[in-house]
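One structure is given here, and the rest of the page talks about it.
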Amino acid sequence: MSAIQLGVEGVTKRFGGLTAVNDVSFALGQGDILSLIGPNGAGKTTLFNLLTGQLAATAGKVFFDGADITHYRPNQRARLGLGRTFQISQTLTSLSVLENAMIGAFLHHPRIADAADKAYAALERVGLASRAKEEAGHLTLGERRRLEVARALGLEPRLLLLDEVMAGLNQTELARIVDVVVALNASGQTIIVIEHNLKVVRTFSKRVLVLDRGKMIADGGADSVLQDPVVVEAYVGKKKQ
Ligand SMILES: Nc1ncnc2c1ncn2[C@@H]1O[C@H](COP(=O)(O)OP(=O)(O)OP(=O)(O)O)[C@@H](O)[C@H]1O
Ligand SMILES: [Mg+2]
């Protein structure tokens, strides 16, 4: 097994009486990819927020490259290599595609020319380099999602967290972003993807982790997890409501 990059130990987040993330533990190796699935409100985005520091854990610990980062601020975690996209679009529609991607690159490259070079390279990796000068507001939803991936890549993350970047896309757009994710992982990028579509999850992820009402109810190979009756009950059952 590859070296452990991320360690999550008994992480819990309570909002008043609601336990959004409940005693979650898992480890992720360098260069691995895993999907995080679960019904609406299961705690997926909250778990990302606990990893990147947007939220402080009520209990538990987060380790990154062996360091205990539980009490680190978001900017410190970004500097160490935690990069993410947000479920709610962060695209600045009146800026150019390149300028949007540069927002991430400024973290490690304060000089504009350097940030632009790095941002352009990130756009190439998501297939948007030819659109660099266009206004971001002109992009389709699928292109915008790839732009958000490029912005996160600009942070030069060691671990890339993607929150529903595939949601709501048509088949063509979906195939393109899946290709991007697969290529990134093939080049060694460690990735966690939040995604609802189980069929899609199977196409890029061997390992699937399932959250239900804050609890991790499964962690294993995609085929076995997706056939697990407990998962089907919790996930597919609720989806039908
Ligand atoms: N800042 C907050 N304050 C209070 N409750 C919150 C907060 N953030 C999330 N919650 C609650 O925590 C629970 C988990 O929310 P979360 O957004 O993590 O779910 P999710 O799995 O990402 O859902 P979705 O699939 O809809 O994106 C929900 O009940 C939500 O209402
Ligand atoms: Mg969410």
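A note on labels: chains of the structure tokens are A, B, ... as shown, every chain counts residues from 1, and ligands are counted from 1 in their shown order.
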
Quick one: residues within 8 Å of ligand 2, with only C-alpha atoms and all ligand atoms, as a list of chain:residue names?
->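 Those residues are A:Asn40, A:Gly41, A:Gly43, A:Lys44, A:Thr45, A:Thr46, A:Gln87, A:Asp163, A:Glu164, A:Ile194.
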
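DSSP, applied to the backbone of this structure, assigns alpha helix (DSSP H) to the following residues of stretch 46-103 of chain A: Thr46, Leu47, Phe48, Asn49, Leu50, Leu51, Thr52, Pro74, Asn75, Gln76, Arg77, Ala78, Arg79, Leu80, Val97, Leu98, Glu99, Asn100, Ala101, Met102 and Ile103 of chain A.
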
Show which residues sit within 12 Å of A:Ile69, as number ranges by chain. Count only C-alpha atoms, and ignore same-chain residues fewer than 6 positions away.
-> A: 6-9, 50-53, 56-57, 60-63, 75-82

Contacts of A:Ala218 within 8 Å, only C-alpha atoms, excl. fewer than 5 positions in-chain, as a ChimeraX atom specification = /A:208-211,225,231

Which residues come within 10 Å of stretch 123-125 of chain A, counting only C-alpha atoms, excluding same-chain residues fewer than 6 positions away, as a PyMOL selection string?
-> chain A and resi 97-98+101-102+117+131-132+146-151+153-154+180-181+183-184

Taking C-alpha atoms for each residue, export the selection above as a CSV table (one decimal), in the first residue's frame.
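In the end it all went to again-v5.csv:
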chain,number,residue,atom,x,y,z
A,97,VAL,CA,-11.3,32.0,-17.5
A,98,LEU,CA,-7.6,32.5,-16.9
A,101,ALA,CA,-7.8,30.0,-12.5
A,102,MET,CA,-5.2,32.4,-11.3
A,117,ASP,CA,1.7,30.5,-16.2
A,131,ARG,CA,-10.8,29.5,-23.7
A,132,ALA,CA,-8.4,31.3,-21.4
A,146,ARG,CA,-13.8,22.1,-15.1
A,147,LEU,CA,-12.7,25.7,-14.4
A,148,GLU,CA,-13.4,25.2,-10.7
A,149,VAL,CA,-11.2,22.1,-10.9
A,150,ALA,CA,-8.5,24.2,-12.6
A,151,ARG,CA,-8.7,26.8,-9.9
A,153,LEU,CA,-5.3,22.7,-9.2
A,154,GLY,CA,-3.7,26.1,-9.2
A,180,VAL,CA,-10.1,14.9,-16.4
A,181,VAL,CA,-10.4,13.2,-13.0
A,183,ALA,CA,-6.2,11.6,-16.0
A,184,LEU,CA,-5.3,13.6,-12.9

Strand (DSSP E) residues, from DSSP on the backbone, in stretch 96-213 of chain A, as an MDAnalysis selection string = chainID A and resid 159:163 190:194 207:212

I need the residues from that last selection saved to file as a PDB file, in the first residue's frame (with N, CA and C atoms), if you can.
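Final file, out39.pdb:
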ATOM      1  N   LEU A 159      -3.637  16.834  -2.097  1.00  0.00           N
ATOM      2  CA  LEU A 159      -4.924  16.137  -2.022  1.00  0.00           C
ATOM      3  C   LEU A 159      -5.983  17.074  -2.593  1.00  0.00           C
ATOM      4  N   LEU A 160      -6.704  16.581  -3.596  1.00  0.00           N
ATOM      5  CA  LEU A 160      -7.724  17.383  -4.283  1.00  0.00           C
ATOM      6  C   LEU A 160      -9.104  16.868  -3.873  1.00  0.00           C
ATOM      7  N   LEU A 161      -9.941  17.784  -3.350  1.00  0.00           N
ATOM      8  CA  LEU A 161     -11.282  17.422  -2.888  1.00  0.00           C
ATOM      9  C   LEU A 161     -12.305  18.051  -3.832  1.00  0.00           C
ATOM     10  N   LEU A 162     -13.107  17.221  -4.469  1.00  0.00           N
ATOM     11  CA  LEU A 162     -14.066  17.715  -5.471  1.00  0.00           C
ATOM     12  C   LEU A 162     -15.485  17.478  -4.967  1.00  0.00           C
ATOM     13  N   ASP A 163     -16.209  18.576  -4.709  1.00  0.00           N
ATOM     14  CA  ASP A 163     -17.558  18.467  -4.141  1.00  0.00           C
ATOM     15  C   ASP A 163     -18.608  18.592  -5.245  1.00  0.00           C
ATOM     16  N   THR A 190      -3.747  12.586  -5.667  1.00  0.00           N
ATOM     17  CA  THR A 190      -4.675  11.995  -4.698  1.00  0.00           C
ATOM     18  C   THR A 190      -5.988  12.778  -4.769  1.00  0.00           C
ATOM     19  N   ILE A 191      -7.115  12.063  -4.791  1.00  0.00           N
ATOM     20  CA  ILE A 191      -8.407  12.748  -5.006  1.00  0.00           C
ATOM     21  C   ILE A 191      -9.516  12.110  -4.160  1.00  0.00           C
ATOM     22  N   ILE A 192     -10.377  12.949  -3.593  1.00  0.00           N
ATOM     23  CA  ILE A 192     -11.653  12.481  -3.039  1.00  0.00           C
ATOM     24  C   ILE A 192     -12.758  13.202  -3.803  1.00  0.00           C
ATOM     25  N   VAL A 193     -13.708  12.423  -4.313  1.00  0.00           N
ATOM     26  CA  VAL A 193     -14.798  12.974  -5.114  1.00  0.00           C
ATOM     27  C   VAL A 193     -16.124  12.728  -4.398  1.00  0.00           C
ATOM     28  N   ILE A 194     -16.874  13.789  -4.139  1.00  0.00           N
ATOM     29  CA  ILE A 194     -18.255  13.632  -3.681  1.00  0.00           C
ATOM     30  C   ILE A 194     -19.139  13.560  -4.913  1.00  0.00           C
ATOM     31  N   ARG A 207     -12.554   2.542  -4.771  1.00  0.00           N
ATOM     32  CA  ARG A 207     -12.961   2.585  -3.362  1.00  0.00           C
ATOM     33  C   ARG A 207     -14.081   3.601  -3.150  1.00  0.00           C
ATOM     34  N   VAL A 208     -15.082   3.165  -2.390  1.00  0.00           N
ATOM     35  CA  VAL A 208     -16.232   4.032  -2.122  1.00  0.00           C
ATOM     36  C   VAL A 208     -16.487   4.067  -0.614  1.00  0.00           C
ATOM     37  N   LEU A 209     -16.706   5.272  -0.117  1.00  0.00           N
ATOM     38  CA  LEU A 209     -17.007   5.459   1.298  1.00  0.00           C
ATOM     39  C   LEU A 209     -18.431   6.020   1.371  1.00  0.00           C
ATOM     40  N   VAL A 210     -19.257   5.436   2.229  1.00  0.00           N
ATOM     41  CA  VAL A 210     -20.669   5.847   2.279  1.00  0.00           C
ATOM     42  C   VAL A 210     -21.004   6.484   3.622  1.00  0.00           C
ATOM     43  N   LEU A 211     -21.552   7.692   3.568  1.00  0.00           N
ATOM     44  CA  LEU A 211     -22.039   8.365   4.776  1.00  0.00           C
ATOM     45  C   LEU A 211     -23.552   8.314   4.785  1.00  0.00           C
ATOM     46  N   ASP A 212     -24.115   8.109   5.966  1.00  0.00           N
ATOM     47  CA  ASP A 212     -25.572   8.176   6.128  1.00  0.00           C
ATOM     48  C   ASP A 212     -25.843   8.804   7.488  1.00  0.00           C
TER      49      ASP A 212
END

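Ranking A:His71, A:Arg202, A:Arg144, A:His196 by their shortest atom-to-atom distance to ligand 1, with only C-alpha atoms and all ligand atoms included, puts A:His196 first.
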